[in-house]
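What follows is one structure encoded as structure tokens, with my remarks underneath.
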Amino acid sequence: MPNYSPQELADQLKSGLLSFPVTHFTQELEFDEAGYRDHLSWLSAFPVAGLFAAGGTGEGFSLTAAEIDQVVRAAVSEVNGKLPVVAPATGGTASAVAQARAAEAAGADGLLLMPPYLTEAGQAGLVEHVSAVCRATGLGVIVYSRANAVLNDRSVEALAERNPNLVGFKDGVGNIENLTRIYATVGDRLAYIGGLPTAETFALPLLQLGMSTYSSAIFNFVPQYALDFYADVRAQDRDAVYRRIKEFVLPYLDIRDRQKGYAVSIIKAGLAAVGRPAGPVRPPLQNLTDGEAAELAALINKIS
């Protein structure tokens, strides 16, 4: 049984910063459950609103269905009700439905529904895809709007009306007009989550569009800094937010943007820099070079 009803999950998630932990691998690229559990134990001691297992930062795209189940079960066991655990549902509709049911059986508290794999689809097809997953589970579902599954305001309205357990909308696009239309149409029926890479960059302006929270990847390795940044955003302290953006976020982005896929790789490099290594990334991602890792470590030292 989940610890949170769908509505309780929504209320909880929009109340604070969200943790998207990396997935630990051995040097042979096998799941390192002991390292992963230790990481979750550390992160869950900080006051975040939820933990998303095997998400994008957690390299969920590189995990098999069996590995996703293993990661989710490890997260549920380790966190042990201290905060909600949200599991992924990925791939085509049949795969996403199977993962939704597996997540519920594993004791997860909610689902993050990723875009369907590869194929393009119209709005009606996306509505049917999301609805099929919502029907398959009693868990609260957050839909991730990005890539080949960008939902418009009419689709979000239809989904919210049709599926009581659709409780969240995560945005990975940043289209201000579309977000304004969605919030004006649906209002507080959903929890809104910022999901652009290095979401801190966009957190302050998106707060005005109802996004009270976002997925923080840097929380993995500088958790207190990430929480302080979030507090400044919620207080709408522009001077503090832009000071932090200038001192850390912008130079961090300069490293991240040197290679496609570095948005994940740089997080694992950050963990190594603070003495909490999580192992390598799996192909097709690449690890930072030694020089880039040293540059990142120096940047972290400046804010520590």
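For the structure tokens, the naming scheme is as follows: chains receive sequential letters (A, B, ...) according to their order of presentation, residues are indexed from 1 within each chain, and ligands are indexed from 1 in presentation order.
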List the neighbours of segment 39-41 of chain A out to 9 Å using only C-alpha atoms; skip same-chain residues closer than 6 positions along the sequence, and give me the result as a PDB file with N, CA and C atoms, in the first residue's frame.
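Writing done, so here's selection.pdb:
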ATOM      1  N   PRO A  21      17.682  11.270  -7.538  1.00  0.00           N
ATOM      2  CA  PRO A  21      19.004  10.696  -7.314  1.00  0.00           C
ATOM      3  C   PRO A  21      19.555   9.947  -8.518  1.00  0.00           C
ATOM      4  N   VAL A  22      20.881   9.956  -8.632  1.00  0.00           N
ATOM      5  CA  VAL A  22      21.540   9.130  -9.630  1.00  0.00           C
ATOM      6  C   VAL A  22      21.358   7.661  -9.251  1.00  0.00           C
ATOM      7  N   HIS A  24      23.489   4.272  -8.910  1.00  0.00           N
ATOM      8  CA  HIS A  24      24.887   3.876  -8.745  1.00  0.00           C
ATOM      9  C   HIS A  24      25.209   2.628  -9.566  1.00  0.00           C
ATOM     10  N   LEU A  51      11.173  11.846  -3.586  1.00  0.00           N
ATOM     11  CA  LEU A  51      12.323  11.217  -4.231  1.00  0.00           C
ATOM     12  C   LEU A  51      11.839  10.465  -5.465  1.00  0.00           C
ATOM     13  N   ALA A  75      14.743   1.749  -3.300  1.00  0.00           N
ATOM     14  CA  ALA A  75      14.394   3.087  -2.817  1.00  0.00           C
ATOM     15  C   ALA A  75      13.270   3.032  -1.790  1.00  0.00           C
ATOM     16  N   GLU A  78      14.700   1.590   1.456  1.00  0.00           N
ATOM     17  CA  GLU A  78      15.663   2.448   2.154  1.00  0.00           C
ATOM     18  C   GLU A  78      15.010   3.695   2.728  1.00  0.00           C
ATOM     19  N   VAL A  79      14.140   4.319   1.962  1.00  0.00           N
ATOM     20  CA  VAL A  79      13.484   5.543   2.431  1.00  0.00           C
ATOM     21  C   VAL A  79      12.479   5.226   3.531  1.00  0.00           C
ATOM     22  N   ASN A 220      21.918  16.161  -5.561  1.00  0.00           N
ATOM     23  CA  ASN A 220      22.671  14.930  -5.363  1.00  0.00           C
ATOM     24  C   ASN A 220      23.996  15.161  -4.648  1.00  0.00           C
ATOM     25  N   ARG A 276      31.698  11.120  -2.549  1.00  0.00           N
ATOM     26  CA  ARG A 276      30.599  10.159  -2.517  1.00  0.00           C
ATOM     27  C   ARG A 276      30.392   9.575  -3.918  1.00  0.00           C
ATOM     28  N   ALA A 278      29.558   7.617  -7.320  1.00  0.00           N
ATOM     29  CA  ALA A 278      28.407   6.807  -7.719  1.00  0.00           C
ATOM     30  C   ALA A 278      28.729   5.907  -8.898  1.00  0.00           C
TER      31      ALA A 278
END
Near-segment 112-127 of chain A list (9 Å; only C-alpha atoms; drop same-chain fewer than 3 positions) as a tab-separated table (two decimals) with C-alpha atoms, in the first residue's frame:
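As written to disk, part_4.tsv reads:
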chain	number	residue	atom	x	y	z
A	52	PHE	CA	12.08	10.14	-7.88
A	55	GLY	CA	14.33	9.09	-13.47
A	86	VAL	CA	7.95	8.13	-7.26
A	87	ALA	CA	8.77	5.44	-9.82
A	88	PRO	CA	9.08	5.79	-13.59
A	89	ALA	CA	6.78	4.44	-16.27
A	90	THR	CA	8.54	4.37	-19.62
A	91	GLY	CA	8.35	3.15	-23.21
A	92	GLY	CA	5.23	2.36	-25.20
A	93	THR	CA	1.82	2.10	-23.62
A	96	ALA	CA	4.41	1.83	-19.26
A	100	ALA	CA	3.04	1.20	-13.42
A	130	VAL	CA	-1.57	8.81	-20.49
A	131	SER	CA	-5.12	7.69	-19.70
A	132	ALA	CA	-4.25	4.02	-20.19
A	133	VAL	CA	-1.47	4.29	-17.61
A	140	GLY	CA	-0.90	9.34	-8.34
A	141	VAL	CA	0.54	10.00	-11.80
A	142	ILE	CA	2.73	12.92	-12.91
A	143	VAL	CA	2.98	13.27	-16.69
A	144	TYR	CA	6.28	14.50	-18.13
A	145	SER	CA	5.63	16.81	-21.07
A	146	ARG	CA	8.72	16.91	-23.29
A	147	ALA	CA	10.38	15.60	-26.46
A	148	ASN	CA	7.79	13.69	-28.55
A	149	ALA	CA	5.03	14.05	-25.94
A	150	VAL	CA	4.45	17.77	-25.45
A	151	LEU	CA	0.90	18.25	-24.22
A	152	ASN	CA	-1.13	21.35	-24.97
A	154	ARG	CA	-6.71	21.18	-24.20
A	155	SER	CA	-5.06	17.79	-23.78
A	156	VAL	CA	-4.09	18.54	-20.18
A	158	ALA	CA	-9.07	16.48	-20.97
A	159	LEU	CA	-6.63	14.33	-19.03
A	168	GLY	CA	0.99	16.42	-11.65
A	170	LYS	CA	6.17	18.15	-15.23
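When only C-alpha atoms are used to compute distances to Lys268 of chain A, the closest of the residues A:Leu190, A:Ala136, A:Leu296, A:Val241 turns out to be A:Leu296.
Excluding Leu285 of chain A and any residue on its chain fewer than 6 positions from it, the residues at most 9 Å away by only C-alpha atoms are Lys260, Gly261, Tyr262, Val264 and Ser265 of chain A.
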Would you put the residues from that selection into a file with N, CA and C atoms, as a PDB file, in the first residue's frame?
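Saved as part.pdb:
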ATOM      1  N   LYS A 260      26.729  16.531 -25.299  1.00  0.00           N
ATOM      2  CA  LYS A 260      25.368  16.054 -25.108  1.00  0.00           C
ATOM      3  C   LYS A 260      25.391  14.924 -24.078  1.00  0.00           C
ATOM      4  N   GLY A 261      24.437  14.945 -23.163  1.00  0.00           N
ATOM      5  CA  GLY A 261      24.375  13.914 -22.132  1.00  0.00           C
ATOM      6  C   GLY A 261      25.109  14.259 -20.858  1.00  0.00           C
ATOM      7  N   TYR A 262      25.865  15.350 -20.873  1.00  0.00           N
ATOM      8  CA  TYR A 262      26.605  15.735 -19.676  1.00  0.00           C
ATOM      9  C   TYR A 262      25.687  16.163 -18.521  1.00  0.00           C
ATOM     10  N   VAL A 264      23.631  14.483 -17.029  1.00  0.00           N
ATOM     11  CA  VAL A 264      23.697  13.377 -16.068  1.00  0.00           C
ATOM     12  C   VAL A 264      25.135  13.143 -15.619  1.00  0.00           C
ATOM     13  N   SER A 265      26.046  13.131 -16.556  1.00  0.00           N
ATOM     14  CA  SER A 265      27.447  12.825 -16.239  1.00  0.00           C
ATOM     15  C   SER A 265      28.028  13.794 -15.220  1.00  0.00           C
TER      16      SER A 265
END
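Of the residues listed (A:Leu227, A:Val281, A:His129, A:Leu111), A:Val281 shows the shortest atom-to-atom separation from Thr23 of chain A; distances use only C-alpha atoms.
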